[in-house]
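Below is query.cif, holding mmCIF, C-alpha atoms.
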```
data_entry
loop_
_atom_site.group_PDB
_atom_site.id
_atom_site.type_symbol
_atom_site.label_atom_id
_atom_site.label_comp_id
_atom_site.auth_asym_id
_atom_site.auth_seq_id
_atom_site.Cartn_x
_atom_site.Cartn_y
_atom_site.Cartn_z
ATOM 1 C CA ILE P 1 0.000 0.000 0.000
ATOM 2 C CA HIS P 2 2.742 2.481 0.905
ATOM 3 C CA HIS P 3 4.409 1.741 -2.446
ATOM 4 C CA ARG P 4 1.258 2.859 -4.265
ATOM 5 C CA ILE P 5 0.872 5.946 -2.085
ATOM 6 C CA TYR P 6 4.460 6.946 -2.838
ATOM 7 C CA LEU P 7 3.972 6.561 -6.594
ATOM 8 C CA ARG P 8 0.712 8.493 -6.559
ATOM 9 C CA THR P 9 2.258 11.402 -4.664
ATOM 10 C CA HIS P 10 5.306 11.544 -6.963
ATOM 11 C CA THR P 11 3.585 11.010 -10.348
ATOM 12 C CA ARG P 12 0.622 12.936 -11.674
ATOM 13 C CA SER P 13 -2.019 11.623 -14.035
ATOM 14 C CA GLY P 14 -1.224 12.158 -17.666
ATOM 15 C CA THR P 15 2.560 11.933 -17.264
ATOM 16 C CA ASN P 16 4.556 9.537 -19.385
ATOM 17 C CA SER P 17 6.261 6.351 -18.224
ATOM 18 C CA VAL P 18 9.589 8.158 -17.767
ATOM 19 C CA ALA P 19 8.311 10.032 -14.719
ATOM 20 C CA TYR P 20 6.972 6.762 -13.363
ATOM 21 C CA LEU P 21 10.380 5.084 -13.703
ATOM 22 C CA VAL P 22 12.123 8.076 -12.135
ATOM 23 C CA ALA P 23 9.795 7.831 -9.128
ATOM 24 C CA ILE P 24 10.576 4.131 -8.775
ATOM 25 C CA GLY P 25 14.309 4.878 -8.925
ATOM 26 C CA LYS P 26 14.011 7.457 -6.141
ATOM 27 C CA GLY P 27 11.972 5.033 -4.074
ATOM 28 C CA LEU P 28 14.660 2.376 -4.411
ATOM 29 C CA LYS P 29 17.328 4.816 -3.235
ATOM 30 C CA MET P 30 15.181 5.749 -0.233
ATOM 31 C CA GLY P 31 14.700 2.103 0.689
ATOM 32 C CA ILE P 32 10.939 2.188 0.167
ATOM 33 C CA PHE P 33 10.944 -0.734 -2.242
ATOM 34 C CA GLY P 34 13.776 -2.851 -0.862
ATOM 35 C CA TYR P 35 17.259 -2.993 0.607
ATOM 36 C CA ASP P 36 18.664 0.177 2.166
ATOM 37 C CA LYS P 37 22.383 -0.083 2.913
ATOM 38 C CA THR P 38 22.488 3.104 4.971
ATOM 39 C CA LYS P 39 19.645 1.939 7.176
ATOM 40 C CA LEU P 40 21.343 -1.415 7.680
ATOM 41 C CA LYS P 41 24.696 0.077 8.698
ATOM 42 C CA VAL P 42 23.133 2.550 11.114
ATOM 43 C CA ASN P 43 21.051 -0.135 12.810
ATOM 44 C CA LEU P 44 23.996 -2.527 13.083
ATOM 45 C CA LYS P 45 25.770 0.139 15.139
ATOM 46 C CA LEU P 46 22.611 0.778 17.168
ATOM 47 C CA VAL P 47 22.319 -2.953 17.868
ATOM 48 C CA GLN P 48 25.710 -2.918 19.585
ATOM 49 C CA ASN P 49 24.712 -0.050 21.866
ATOM 50 C CA ARG P 50 21.309 -1.543 22.664
ATOM 51 C CA LEU P 51 22.714 -4.992 23.476
ATOM 52 C CA ASN P 52 25.358 -3.474 25.737
ATOM 53 C CA LEU P 53 22.671 -1.596 27.675
ATOM 54 C CA MET P 54 20.505 -4.706 27.926
ATOM 55 C CA LYS P 55 23.441 -6.726 29.271
ATOM 56 C CA SER P 56 23.977 -4.165 32.021
ATOM 57 C CA LYS P 57 20.283 -4.163 32.882
ATOM 58 C CA GLU P 58 20.040 -7.958 32.983
ATOM 59 C CA ALA P 59 23.218 -8.191 35.078
ATOM 60 C CA ALA P 60 21.744 -5.838 37.674
ATOM 61 C CA LEU P 61 18.529 -7.893 37.787
ATOM 62 C CA VAL P 62 20.495 -11.100 38.252
ATOM 63 C CA LYS P 63 22.361 -9.586 41.217
ATOM 64 C CA GLN P 64 19.088 -8.597 42.823
ATOM 65 C CA LYS P 65 17.519 -12.015 42.249
ATOM 66 C CA LYS P 66 20.525 -13.783 43.732
ATOM 67 C CA ARG P 67 20.113 -11.747 46.919
ATOM 68 C CA GLU P 68 16.439 -12.722 47.031
ATOM 69 C CA ILE P 69 17.356 -16.379 46.529
ATOM 70 C CA ALA P 70 19.852 -16.102 49.394
ATOM 71 C CA ASP P 71 17.055 -14.824 51.644
ATOM 72 C CA LEU P 72 14.888 -17.774 50.625
ATOM 73 C CA LEU P 73 17.699 -20.183 51.488
ATOM 74 C CA ARG P 74 18.076 -18.591 54.917
ATOM 75 C CA GLY P 75 14.356 -19.105 55.485
ATOM 76 C CA ASP P 76 14.590 -22.751 54.330
ATOM 77 C CA ARG P 77 12.143 -22.077 51.472
ATOM 78 C CA MET P 78 13.805 -24.451 49.072
ATOM 79 C CA GLU P 79 11.074 -24.888 46.450
ATOM 80 C CA GLN P 80 10.690 -21.158 45.914
ATOM 81 C CA ALA P 81 14.460 -20.797 45.719
ATOM 82 C CA ARG P 82 14.615 -23.468 43.005
ATOM 83 C CA ILE P 83 11.991 -21.664 40.916
ATOM 84 C CA ARG P 84 13.824 -18.351 41.236
ATOM 85 C CA VAL P 85 17.112 -19.973 40.253
ATOM 86 C CA GLU P 86 15.596 -21.231 36.997
ATOM 87 C CA HIS P 87 14.824 -17.629 36.061
ATOM 88 C CA VAL P 88 18.389 -16.596 36.911
ATOM 89 C CA ILE P 89 19.791 -19.370 34.718
ATOM 90 C CA ARG P 90 17.699 -18.263 31.754
ATOM 91 C CA GLN P 91 18.827 -14.669 32.262
ATOM 92 C CA ASP P 92 22.448 -15.822 32.303
ATOM 93 C CA TRP P 93 21.894 -17.634 29.012
ATOM 94 C CA MET P 94 20.301 -14.518 27.533
ATOM 95 C CA ILE P 95 23.212 -12.317 28.632
ATOM 96 C CA GLU P 96 25.639 -14.668 26.935
ATOM 97 C CA ALA P 97 23.504 -14.536 23.768
ATOM 98 C CA TYR P 98 23.615 -10.723 23.882
ATOM 99 C CA ASP P 99 27.394 -10.847 24.092
ATOM 100 C CA VAL P 100 27.702 -13.133 21.058
ATOM 101 C CA LEU P 101 25.246 -11.034 19.018
ATOM 102 C CA GLU P 102 27.157 -7.869 19.886
ATOM 103 C CA LEU P 103 30.370 -9.401 18.551
ATOM 104 C CA PHE P 104 28.652 -10.482 15.325
ATOM 105 C CA ALA P 105 27.217 -6.987 14.855
ATOM 106 C CA ASP P 106 30.711 -5.557 15.340
ATOM 107 C CA LEU P 107 32.038 -7.994 12.752
ATOM 108 C CA LEU P 108 29.369 -7.044 10.191
ATOM 109 C CA VAL P 109 30.104 -3.341 10.654
ATOM 110 C CA ALA P 110 33.820 -3.964 10.121
ATOM 111 C CA ARG P 111 33.086 -5.931 6.936
ATOM 112 C CA PHE P 112 30.258 -3.767 5.682
ATOM 113 C CA GLY P 113 32.196 -3.007 2.504
ATOM 114 C CA LEU P 114 31.802 -6.649 1.485
ATOM 115 C CA ILE P 115 28.067 -6.536 2.190
ATOM 116 C CA GLU P 116 27.738 -3.347 0.161
ATOM 117 C CA HIS P 117 29.618 -4.458 -2.958
ATOM 118 C CA GLU P 118 28.781 -8.177 -3.149
ATOM 119 C CA LYS P 119 25.308 -9.182 -4.280
ATOM 120 C CA ALA P 120 25.519 -12.759 -3.005
ATOM 121 C CA LEU P 121 25.990 -13.734 0.639
ATOM 122 C CA LEU P 122 29.674 -14.530 1.092
ATOM 123 C CA PRO P 123 30.647 -17.677 3.034
ATOM 124 C CA ASP P 124 32.703 -15.611 5.498
ATOM 125 C CA LEU P 125 29.602 -13.585 6.409
ATOM 126 C CA ARG P 126 26.987 -16.323 6.244
ATOM 127 C CA GLU P 127 27.140 -17.383 9.903
ATOM 128 C CA ALA P 128 26.985 -13.795 11.176
ATOM 129 C CA VAL P 129 24.079 -12.815 8.898
ATOM 130 C CA CYS P 130 22.093 -15.998 9.558
ATOM 131 C CA THR P 131 22.649 -15.670 13.294
ATOM 132 C CA MET P 132 21.306 -12.111 13.294
ATOM 133 C CA ILE P 133 18.211 -13.147 11.309
ATOM 134 C CA TYR P 134 17.608 -16.132 13.599
ATOM 135 C CA ALA P 135 17.990 -14.084 16.782
ATOM 136 C CA ALA P 136 15.747 -11.253 15.548
ATOM 137 C CA LYS P 137 12.681 -13.486 15.998
ATOM 138 C CA ARG P 138 13.689 -14.497 19.521
ATOM 139 C CA VAL P 139 15.223 -11.365 21.050
ATOM 140 C CA ASP P 140 13.168 -8.246 21.721
ATOM 141 C CA VAL P 141 15.513 -5.714 20.109
ATOM 142 C CA LYS P 142 13.886 -3.417 17.547
ATOM 143 C CA GLU P 143 17.136 -2.518 15.809
ATOM 144 C CA LEU P 144 17.978 -6.201 15.387
ATOM 145 C CA LYS P 145 14.641 -6.802 13.655
ATOM 146 C CA VAL P 146 15.366 -3.910 11.281
ATOM 147 C CA CYS P 147 18.747 -5.440 10.410
ATOM 148 C CA ALA P 148 17.137 -8.814 9.746
ATOM 149 C CA LYS P 149 14.570 -7.206 7.465
ATOM 150 C CA GLU P 150 17.284 -5.451 5.457
ATOM 151 C CA PHE P 151 19.311 -8.662 5.132
ATOM 152 C CA LEU P 152 16.257 -10.501 3.826
ATOM 153 C CA SER P 153 15.557 -7.669 1.382
ATOM 154 C CA LYS P 154 19.086 -8.005 0.015
ATOM 155 C CA TYR P 155 19.573 -11.774 0.023
ATOM 156 C CA GLY P 156 15.984 -12.963 -0.387
ATOM 157 C CA SER P 157 13.188 -13.976 1.985
ATOM 158 C CA HIS P 158 13.915 -17.657 1.318
ATOM 159 C CA LEU P 159 16.956 -17.303 3.592
ATOM 160 C CA SER P 160 14.674 -17.013 6.633
ATOM 161 C CA ASN P 161 12.899 -20.267 5.774
ATOM 162 C CA ASP P 162 16.215 -22.070 5.288
ATOM 163 C CA ILE P 163 17.437 -20.849 8.677
ATOM 164 C CA GLU P 164 14.295 -21.968 10.511
ATOM 165 C CA LYS P 165 14.387 -25.416 8.898
ATOM 166 C CA LYS P 166 18.070 -26.052 9.643
ATOM 167 C CA PRO P 167 19.313 -23.635 12.300
ATOM 168 C CA ASP P 168 22.230 -25.886 13.257
ATOM 169 C CA GLN P 169 23.663 -25.566 9.745
ATOM 170 C CA ASP P 170 24.239 -21.809 9.431
ATOM 171 C CA VAL P 171 23.424 -20.267 12.829
ATOM 172 C CA ASN P 172 26.025 -20.033 15.568
ATOM 173 C CA ALA P 173 25.603 -23.094 17.789
ATOM 174 C CA ARG P 174 25.882 -21.116 21.014
ATOM 175 C CA ILE P 175 23.052 -18.784 19.971
ATOM 176 C CA VAL P 176 20.815 -21.736 19.103
ATOM 177 C CA GLN P 177 21.604 -23.276 22.482
ATOM 178 C CA LYS P 178 21.075 -20.162 24.591
ATOM 179 C CA LEU P 179 17.898 -18.940 22.875
ATOM 180 C CA ARG P 180 16.212 -22.349 23.038
ATOM 181 C CA TYR P 181 13.560 -22.188 25.749
ATOM 182 C CA THR P 182 14.101 -25.254 27.946
ATOM 183 C CA THR P 183 13.874 -26.099 31.617
ATOM 184 C CA PRO P 184 17.322 -26.152 33.299
ATOM 185 C CA GLU P 185 18.478 -29.526 34.581
ATOM 186 C CA GLY P 186 18.287 -30.324 38.273
ATOM 187 C CA THR P 187 22.074 -30.627 38.377
ATOM 188 C CA LEU P 188 22.488 -27.090 37.118
ATOM 189 C CA VAL P 189 19.883 -25.722 39.529
ATOM 190 C CA ALA P 190 21.605 -27.436 42.452
ATOM 191 C CA GLN P 191 24.989 -26.017 41.472
ATOM 192 C CA TYR P 192 23.546 -22.514 41.247
ATOM 193 C CA LEU P 193 21.962 -22.846 44.690
ATOM 194 C CA GLN P 194 25.193 -24.211 46.126
ATOM 195 C CA GLN P 195 27.231 -21.323 44.737
ATOM 196 C CA ILE P 196 24.754 -18.666 45.899
ATOM 197 C CA ALA P 197 24.729 -20.194 49.377
ATOM 198 C CA SER P 198 28.535 -20.171 49.419
ATOM 199 C CA ASP P 199 28.697 -16.523 48.323
ATOM 200 C CA TYR P 200 26.308 -15.408 51.087
ATOM 201 C CA ASP P 201 27.692 -17.753 53.808
ATOM 202 C CA ILE P 202 24.510 -19.794 54.089
ATOM 203 C CA PRO P 203 24.692 -23.460 55.120
ATOM 204 C CA TYR P 204 23.238 -25.525 52.284
ATOM 205 C CA GLU P 205 23.655 -29.123 51.199
ATOM 206 C CA PRO P 206 22.088 -30.095 47.839
ATOM 207 C CA GLU P 207 20.420 -33.442 47.353
ATOM 208 C CA PRO P 208 22.955 -36.095 46.171
ATOM 209 C CA GLU P 209 20.761 -37.093 43.215
ATOM 210 C CA ASP P 210 20.697 -33.474 42.031
ATOM 211 C CA LEU P 211 24.467 -33.226 42.034
ATOM 212 C CA LEU P 212 24.973 -36.571 40.290
ATOM 213 C CA GLY P 213 22.340 -35.889 37.629
ATOM 214 C CA SER P 214 20.411 -38.380 35.556
ATOM 215 C CA LEU P 215 23.536 -40.080 34.171
ATOM 216 C CA GLY P 216 25.295 -40.391 37.513
ATOM 217 C CA ALA P 217 28.095 -38.067 36.466
ATOM 218 C CA PRO P 218 29.796 -35.926 39.125
ATOM 219 C CA PRO P 219 29.113 -32.180 39.057
ATOM 220 C CA SER P 220 31.369 -29.939 37.028
ATOM 221 C CA ASN P 221 34.187 -28.174 38.858
ATOM 222 C CA ASP P 222 34.007 -25.265 36.423
ATOM 223 C CA PHE P 223 31.370 -23.037 37.985
ATOM 224 C CA GLY P 224 31.690 -19.963 35.790
ATOM 225 C CA GLY P 225 35.457 -20.183 35.352
ATOM 226 C CA ALA P 226 37.331 -17.704 37.504
ATOM 227 C CA HIS P 227 34.223 -15.675 38.279
ATOM 228 C CA GLY P 228 31.674 -17.255 40.524
ATOM 229 C CA GLY P 229 28.428 -16.600 42.179
ATOM 230 C CA GLY P 230 27.232 -13.285 43.436
ATOM 231 C CA GLY P 231 28.589 -11.049 40.741
ATOM 232 C CA GLY P 232 26.370 -9.951 37.945
ATOM 233 C CA GLY P 233 24.821 -11.427 34.931
ATOM 234 C CA GLY P 234 27.271 -13.506 32.942
ATOM 235 C CA GLY P 235 26.663 -15.778 35.642
ATOM 236 C CA ALA P 236 28.313 -18.625 37.227
ATOM 237 C CA MET P 237 26.880 -21.239 34.916
ATOM 238 C CA ALA P 238 26.258 -19.271 31.737
ATOM 239 C CA GLY P 239 28.239 -21.806 29.743
ATOM 240 C CA MET P 240 26.231 -24.840 30.875
ATOM 241 C CA PRO P 241 23.868 -26.397 28.311
ATOM 242 C CA PRO P 242 20.095 -26.508 28.850
ATOM 243 C CA SER P 243 18.089 -29.621 29.496
ATOM 244 C CA GLY P 244 17.905 -32.044 26.606
ATOM 245 C CA TYR P 245 20.813 -30.462 24.737
ATOM 246 C CA VAL P 246 23.587 -32.832 23.681
ATOM 247 C CA ASP P 247 26.750 -30.792 23.627
ATOM 248 C CA THR P 248 28.916 -31.954 20.756
ATOM 249 C CA MET P 249 30.725 -28.637 20.496
ATOM 250 C CA PRO P 250 34.407 -28.657 21.514
ATOM 251 C CA ALA P 251 35.872 -25.935 23.661
ATOM 252 C CA ASN P 252 37.343 -24.132 20.651
ATOM 253 C CA MET P 253 34.551 -24.657 18.139
ATOM 254 C CA PRO P 254 35.532 -23.316 14.689
ATOM 255 C CA MET P 255 33.104 -20.856 13.150
ATOM 256 C CA SER P 256 31.758 -21.630 9.707
ATOM 257 C CA GLY P 257 33.518 -18.692 8.091
ATOM 258 C CA GLY P 258 36.850 -19.682 9.630
ATOM 259 C CA SER P 259 37.885 -16.045 9.607
ATOM 260 C CA LEU P 260 38.056 -15.336 13.326
ATOM 261 C CA GLY P 261 40.927 -17.583 14.177
ATOM 262 C CA GLY P 262 38.648 -20.633 14.394
ATOM 263 C CA LEU P 263 37.273 -19.594 17.765
ATOM 264 C CA ALA P 264 33.660 -19.450 18.849
ATOM 265 C CA PRO P 265 32.511 -16.607 21.121
ATOM 266 C CA PRO P 266 33.055 -17.632 24.762
ATOM 267 C CA PRO P 267 30.423 -17.229 27.484
ATOM 268 C CA TYR P 268 30.000 -13.818 29.098
ATOM 269 C CA SER P 269 31.578 -13.876 32.573
ATOM 270 C CA PRO P 270 31.579 -10.664 34.646
ATOM 271 C CA PRO P 271 33.666 -10.338 37.834
ATOM 272 C CA PRO P 272 32.245 -11.377 41.225
ATOM 273 C CA GLU P 273 30.130 -8.980 43.245
ATOM 274 C CA SER P 274 32.098 -6.700 45.529
ATOM 275 C CA GLY P 275 30.309 -3.879 47.242
ATOM 276 C CA ASN P 276 28.524 -1.554 44.837
ATOM 277 C CA SER P 277 30.783 -2.258 41.894
ATOM 278 C CA THR P 278 29.139 -2.459 38.525
ATOM 279 C CA PRO P 279 29.371 -5.647 36.427
ATOM 280 C CA GLY P 280 32.269 -5.711 33.999
ATOM 281 C CA PHE P 281 32.044 -6.328 30.296
ATOM 282 C CA PRO P 282 34.648 -7.036 27.625
ATOM 283 C CA SER P 283 36.486 -3.842 26.759
ATOM 284 C CA VAL P 284 36.293 -2.545 23.220
ATOM 285 C CA PRO P 285 39.630 -1.430 21.789
ATOM 286 C CA PRO P 286 39.719 1.943 19.996
ATOM 287 C CA SER P 287 38.799 1.844 16.337
ATOM 288 C CA GLY P 288 41.380 2.567 13.694
ATOM 289 C CA GLY P 289 39.841 1.910 10.295
ATOM 290 C CA ALA P 290 38.369 -1.173 8.638
ATOM 291 C CA ASN P 291 41.472 -3.381 8.935
ATOM 292 C CA SER P 292 42.090 -2.279 12.490
ATOM 293 C CA ASP P 293 38.466 -2.974 13.439
ATOM 294 C CA LEU P 294 38.727 -6.503 12.065
ATOM 295 C CA ASP P 295 41.973 -7.131 13.960
ATOM 296 C CA ASP P 296 40.345 -5.812 17.138
ATOM 297 C CA ILE P 297 37.401 -8.184 16.748
ATOM 298 C CA GLU P 298 39.675 -11.177 16.203
ATOM 299 C CA ALA P 299 41.696 -10.201 19.259
ATOM 300 C CA ARG P 300 38.498 -9.943 21.351
ATOM 301 C CA PHE P 301 37.395 -13.424 20.322
ATOM 302 C CA GLN P 302 40.797 -14.888 21.195
ATOM 303 C CA ALA P 303 41.072 -12.981 24.485
ATOM 304 C CA LEU P 304 37.592 -13.975 25.601
ATOM 305 C CA ASN P 305 38.214 -17.586 24.659
ATOM 306 C CA LYS P 306 41.459 -17.658 26.661
ATOM 307 C CA GLY P 307 39.589 -16.215 29.603
ATOM 308 C CA ARG P 308 37.049 -19.036 29.372
ATOM 309 C CA ASN P 309 39.792 -21.655 29.322
#
```
Whole structure given in structure tokens:
Amino acid sequence: IHHRIYLRTHTRSGTNSVAYLVAIGKGLKMGIFGYDKTKLKVNLKLVQNRLNLMKSKEAALVKQKKREIADLLRGDRMEQARIRVEHVIRQDWMIEAYDVLELFADLLVARFGLIEHEKALLPDLREAVCTMIYAAKRVDVKELKVCAKEFLSKYGSHLSNDIEKKPDQDVNARIVQKLRYTTPEGTLVAQYLQQIASDYDIPYEPEPEDLLGSLGAPPSNDFGGAHGGGGGGGGAMAGMPPSGYVDTMPANMPMSGGSLGGLAPPPYSPPPESGNSTPGFPSVPPSGGANSDLDDIEARFQALNKGRN
């Protein structure tokens, strides 16, 4: 409908077909009829800012909920504490997803010249583009939805159907894992409760069957790497898989493009809570041009991955 309104307002009755074609050409440049490269680039930058703000907000909420869970443990209200912990786990997964999406948006901005000049979707950009389109339907970020719409306008709407049918083929595995709505395993819930109790000096002993899990395996010793418990959103167990997920991904999972040093984005892990300190996030090195931006992104992936190991 808006296409017809535009043409009617820019062409008068009785004019020849040349004016009609000129109006269509102007509409294409303005992005009314399809892909708008300027709109895409602007929103990719806005996505980074919005995701960073949302990570800070979620991290503050996780801190508050952990204090509430600690109060429930002191009052021996175990069932309510378990329910609250499930919400905290999902928020930790979401924060990690935000971190990965922010890195992909940074990558696409650094390589925007390739997007602008190449008509087809390049293999080196396929994972990043498909991940953004996949996440746009599952993350409430307006700018991300705009980016997905522009990608589909450029590469074709069939790309969305292909992604939904086979998300494990082109979408980043960690995003698929973290945005999948599942109930956390009892083992994971017990480990969260145990860590929160330890951080707030509350006596708590989890049930043995919860710690052993359904397969009888001992609990993991890696509870959030070097950062545990009471600090912020990246959470103690942000890297743990959800219920029903079979983790076949190695620690250093290569990305499909193979252009980031073969490293997958690591889980987001802020420092532990200390006083009124704010949660920490990965620092962004200063920009120095397209090549410098790309080097900075590769360095961030490697540094974050080393921190996880």
Inset, instruction - Rank nothing, just name the residue among P:Leu125, P:Leu51, P:Leu46, P:Val88 nearest to Lys63 of chain P, using all atoms listed in the file. - result: P:Val88
Inset, instruction - Give me the residues within 9 Å of Pro167 of chain P as an MDAnalysis selection string, counting only C-alpha atoms and dropping any in the same chain fewer than 6 places off. - result: chainID P and resid 130:131 134 173 176
Inset, instruction - Return the single residue from P:Ile297, P:Leu144, P:Ile202, P:Ile163 that is closest to Leu44 of chain P, with distances computed using all atoms listed in the file. - result: P:Leu144
Legend entry - Distance in Å - atom CA of Lys178 of chain P versus atom CA of His87 of chain P: 13.3 Å
Legend entry - Expected selection from the PyMOL selection byres ((chain P and resi 53) around 12), given as a ChimeraX atom specification: /P:46-52,54-60,95,98-99,102,141,279,281
Export of prior selection with C-alpha atoms as an mmCIF file, in the frame of the given file:
```cif
data_model
loop_
_atom_site.group_PDB
_atom_site.id
_atom_site.type_symbol
_atom_site.label_atom_id
_atom_site.label_comp_id
_atom_site.auth_asym_id
_atom_site.auth_seq_id
_atom_site.Cartn_x
_atom_site.Cartn_y
_atom_site.Cartn_z
ATOM 1 C CA LEU P 46 22.611 0.778 17.168
ATOM 2 C CA VAL P 47 22.319 -2.953 17.868
ATOM 3 C CA GLN P 48 25.710 -2.918 19.585
ATOM 4 C CA ASN P 49 24.712 -0.050 21.866
ATOM 5 C CA ARG P 50 21.309 -1.543 22.664
ATOM 6 C CA LEU P 51 22.714 -4.992 23.476
ATOM 7 C CA ASN P 52 25.358 -3.474 25.737
ATOM 8 C CA MET P 54 20.505 -4.706 27.926
ATOM 9 C CA LYS P 55 23.441 -6.726 29.271
ATOM 10 C CA SER P 56 23.977 -4.165 32.021
ATOM 11 C CA LYS P 57 20.283 -4.163 32.882
ATOM 12 C CA GLU P 58 20.040 -7.958 32.983
ATOM 13 C CA ALA P 59 23.218 -8.191 35.078
ATOM 14 C CA ALA P 60 21.744 -5.838 37.674
ATOM 15 C CA ILE P 95 23.212 -12.317 28.632
ATOM 16 C CA TYR P 98 23.615 -10.723 23.882
ATOM 17 C CA ASP P 99 27.394 -10.847 24.092
ATOM 18 C CA GLU P 102 27.157 -7.869 19.886
ATOM 19 C CA VAL P 141 15.513 -5.714 20.109
ATOM 20 C CA PRO P 279 29.371 -5.647 36.427
ATOM 21 C CA PHE P 281 32.044 -6.328 30.296
#
```
Inset, instruction - I need the residue set behind the PyMOL selection byres ((chain P and resi 67) around 12) for this file; please write it as a ChimeraX atom specification. - result: /P:60-66,68-74,81,84-85,88,193,196-197,199-202,229-232,273
Legend entry - Interatomic distance, atom CA of Lys39 of chain P to atom CA of Leu121 of chain P (Å, one decimal):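 Atom CA of Lys39 of chain P sits 18.1 Å away from atom CA of Leu121 of chain P.
For the atom pair formed by atom CA of Ala128 of chain P and atom CA of Phe104 of chain P, the distance is 5.6 Å, given to one decimal.
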Legend entry - Distance criterion (all atoms listed in the file): nearest to Asn172 of chain P out of P:Asp92, P:Val189, P:Ala97, P:Leu122: P:Ala97
Legend entry - Of the listed residues P:Arg126, P:Lys165, P:Arg180, P:Lys154, that which approaches Val139 of chain P most closely, counting only C-alpha atoms: P:Arg180
Inset, instruction - Rank P:Asn43, P:Gln91, P:Thr182, P:Gln80 by their smallest atom-to-atom distance to Val146 of chain P, using only C-alpha atoms, and report the top residue only. - result: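 Of all the options, P:Asn43 lies closest to Val146 of chain P.
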Legend entry - Among the residues P:Asp106, P:Glu79, P:Glu86, P:Glu127, the one that comes closest to Asp168 of chain P [using only C-alpha atoms]: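 Ranked by minimum distance to Asp168 of chain P, first place goes to P:Glu127.
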With 6 Å on each side, where is the centre of the axis-aligned box around all listed atoms of segment 72-79 of chain P, and how long are its edges in Å to one decimal, as AutoDock Vina command-line options?
```
--center_x 14.6 --center_y -21.3 --center_z 51.0 --size_x 19.0 --size_y 19.1 --size_z 21.0
```
Select segment 41-52 of chain P in the preceding structure and write N, CA, C and O atoms to a file as a PDB file, in the first residue's frame.
```
ATOM      1  N   LYS P  41      23.461  -0.249   7.979  1.00  0.00           N
ATOM      2  CA  LYS P  41      24.696   0.077   8.698  1.00  0.00           C
ATOM      3  C   LYS P  41      24.413   0.833   9.987  1.00  0.00           C
ATOM      4  O   LYS P  41      25.017   0.557  11.038  1.00  0.00           O
ATOM      5  N   VAL P  42      23.480   1.776   9.916  1.00  0.00           N
ATOM      6  CA  VAL P  42      23.133   2.550  11.114  1.00  0.00           C
ATOM      7  C   VAL P  42      22.565   1.644  12.198  1.00  0.00           C
ATOM      8  O   VAL P  42      22.937   1.737  13.380  1.00  0.00           O
ATOM      9  N   ASN P  43      21.687   0.735  11.815  1.00  0.00           N
ATOM     10  CA  ASN P  43      21.051  -0.135  12.810  1.00  0.00           C
ATOM     11  C   ASN P  43      21.993  -1.200  13.344  1.00  0.00           C
ATOM     12  O   ASN P  43      21.830  -1.657  14.482  1.00  0.00           O
ATOM     13  N   LEU P  44      22.984  -1.611  12.557  1.00  0.00           N
ATOM     14  CA  LEU P  44      23.996  -2.527  13.083  1.00  0.00           C
ATOM     15  C   LEU P  44      24.776  -1.869  14.222  1.00  0.00           C
ATOM     16  O   LEU P  44      25.101  -2.517  15.225  1.00  0.00           O
ATOM     17  N   LYS P  45      25.077  -0.584  14.068  1.00  0.00           N
ATOM     18  CA  LYS P  45      25.770   0.139  15.139  1.00  0.00           C
ATOM     19  C   LYS P  45      24.848   0.338  16.347  1.00  0.00           C
ATOM     20  O   LYS P  45      25.284   0.245  17.499  1.00  0.00           O
ATOM     21  N   LEU P  46      23.565   0.608  16.070  1.00  0.00           N
ATOM     22  CA  LEU P  46      22.611   0.778  17.168  1.00  0.00           C
ATOM     23  C   LEU P  46      22.397  -0.527  17.925  1.00  0.00           C
ATOM     24  O   LEU P  46      22.166  -0.507  19.137  1.00  0.00           O
ATOM     25  N   VAL P  47      22.468  -1.642  17.220  1.00  0.00           N
ATOM     26  CA  VAL P  47      22.319  -2.953  17.868  1.00  0.00           C
ATOM     27  C   VAL P  47      23.394  -3.141  18.932  1.00  0.00           C
ATOM     28  O   VAL P  47      23.114  -3.638  20.036  1.00  0.00           O
ATOM     29  N   GLN P  48      24.618  -2.759  18.619  1.00  0.00           N
ATOM     30  CA  GLN P  48      25.710  -2.918  19.585  1.00  0.00           C
ATOM     31  C   GLN P  48      25.432  -2.127  20.863  1.00  0.00           C
ATOM     32  O   GLN P  48      25.611  -2.648  21.973  1.00  0.00           O
ATOM     33  N   ASN P  49      25.001  -0.878  20.692  1.00  0.00           N
ATOM     34  CA  ASN P  49      24.712  -0.050  21.866  1.00  0.00           C
ATOM     35  C   ASN P  49      23.544  -0.604  22.671  1.00  0.00           C
ATOM     36  O   ASN P  49      23.579  -0.650  23.904  1.00  0.00           O
ATOM     37  N   ARG P  50      22.482  -1.027  21.960  1.00  0.00           N
ATOM     38  CA  ARG P  50      21.309  -1.543  22.664  1.00  0.00           C
ATOM     39  C   ARG P  50      21.629  -2.828  23.422  1.00  0.00           C
ATOM     40  O   ARG P  50      21.216  -2.997  24.577  1.00  0.00           O
ATOM     41  N   LEU P  51      22.368  -3.733  22.810  1.00  0.00           N
ATOM     42  CA  LEU P  51      22.714  -4.992  23.476  1.00  0.00           C
ATOM     43  C   LEU P  51      23.597  -4.745  24.698  1.00  0.00           C
ATOM     44  O   LEU P  51      23.456  -5.425  25.722  1.00  0.00           O
ATOM     45  N   ASN P  52      24.499  -3.790  24.597  1.00  0.00           N
ATOM     46  CA  ASN P  52      25.358  -3.474  25.737  1.00  0.00           C
ATOM     47  C   ASN P  52      24.542  -2.952  26.914  1.00  0.00           C
ATOM     48  O   ASN P  52      24.777  -3.323  28.071  1.00  0.00           O
TER      49      ASN P  52
END
```
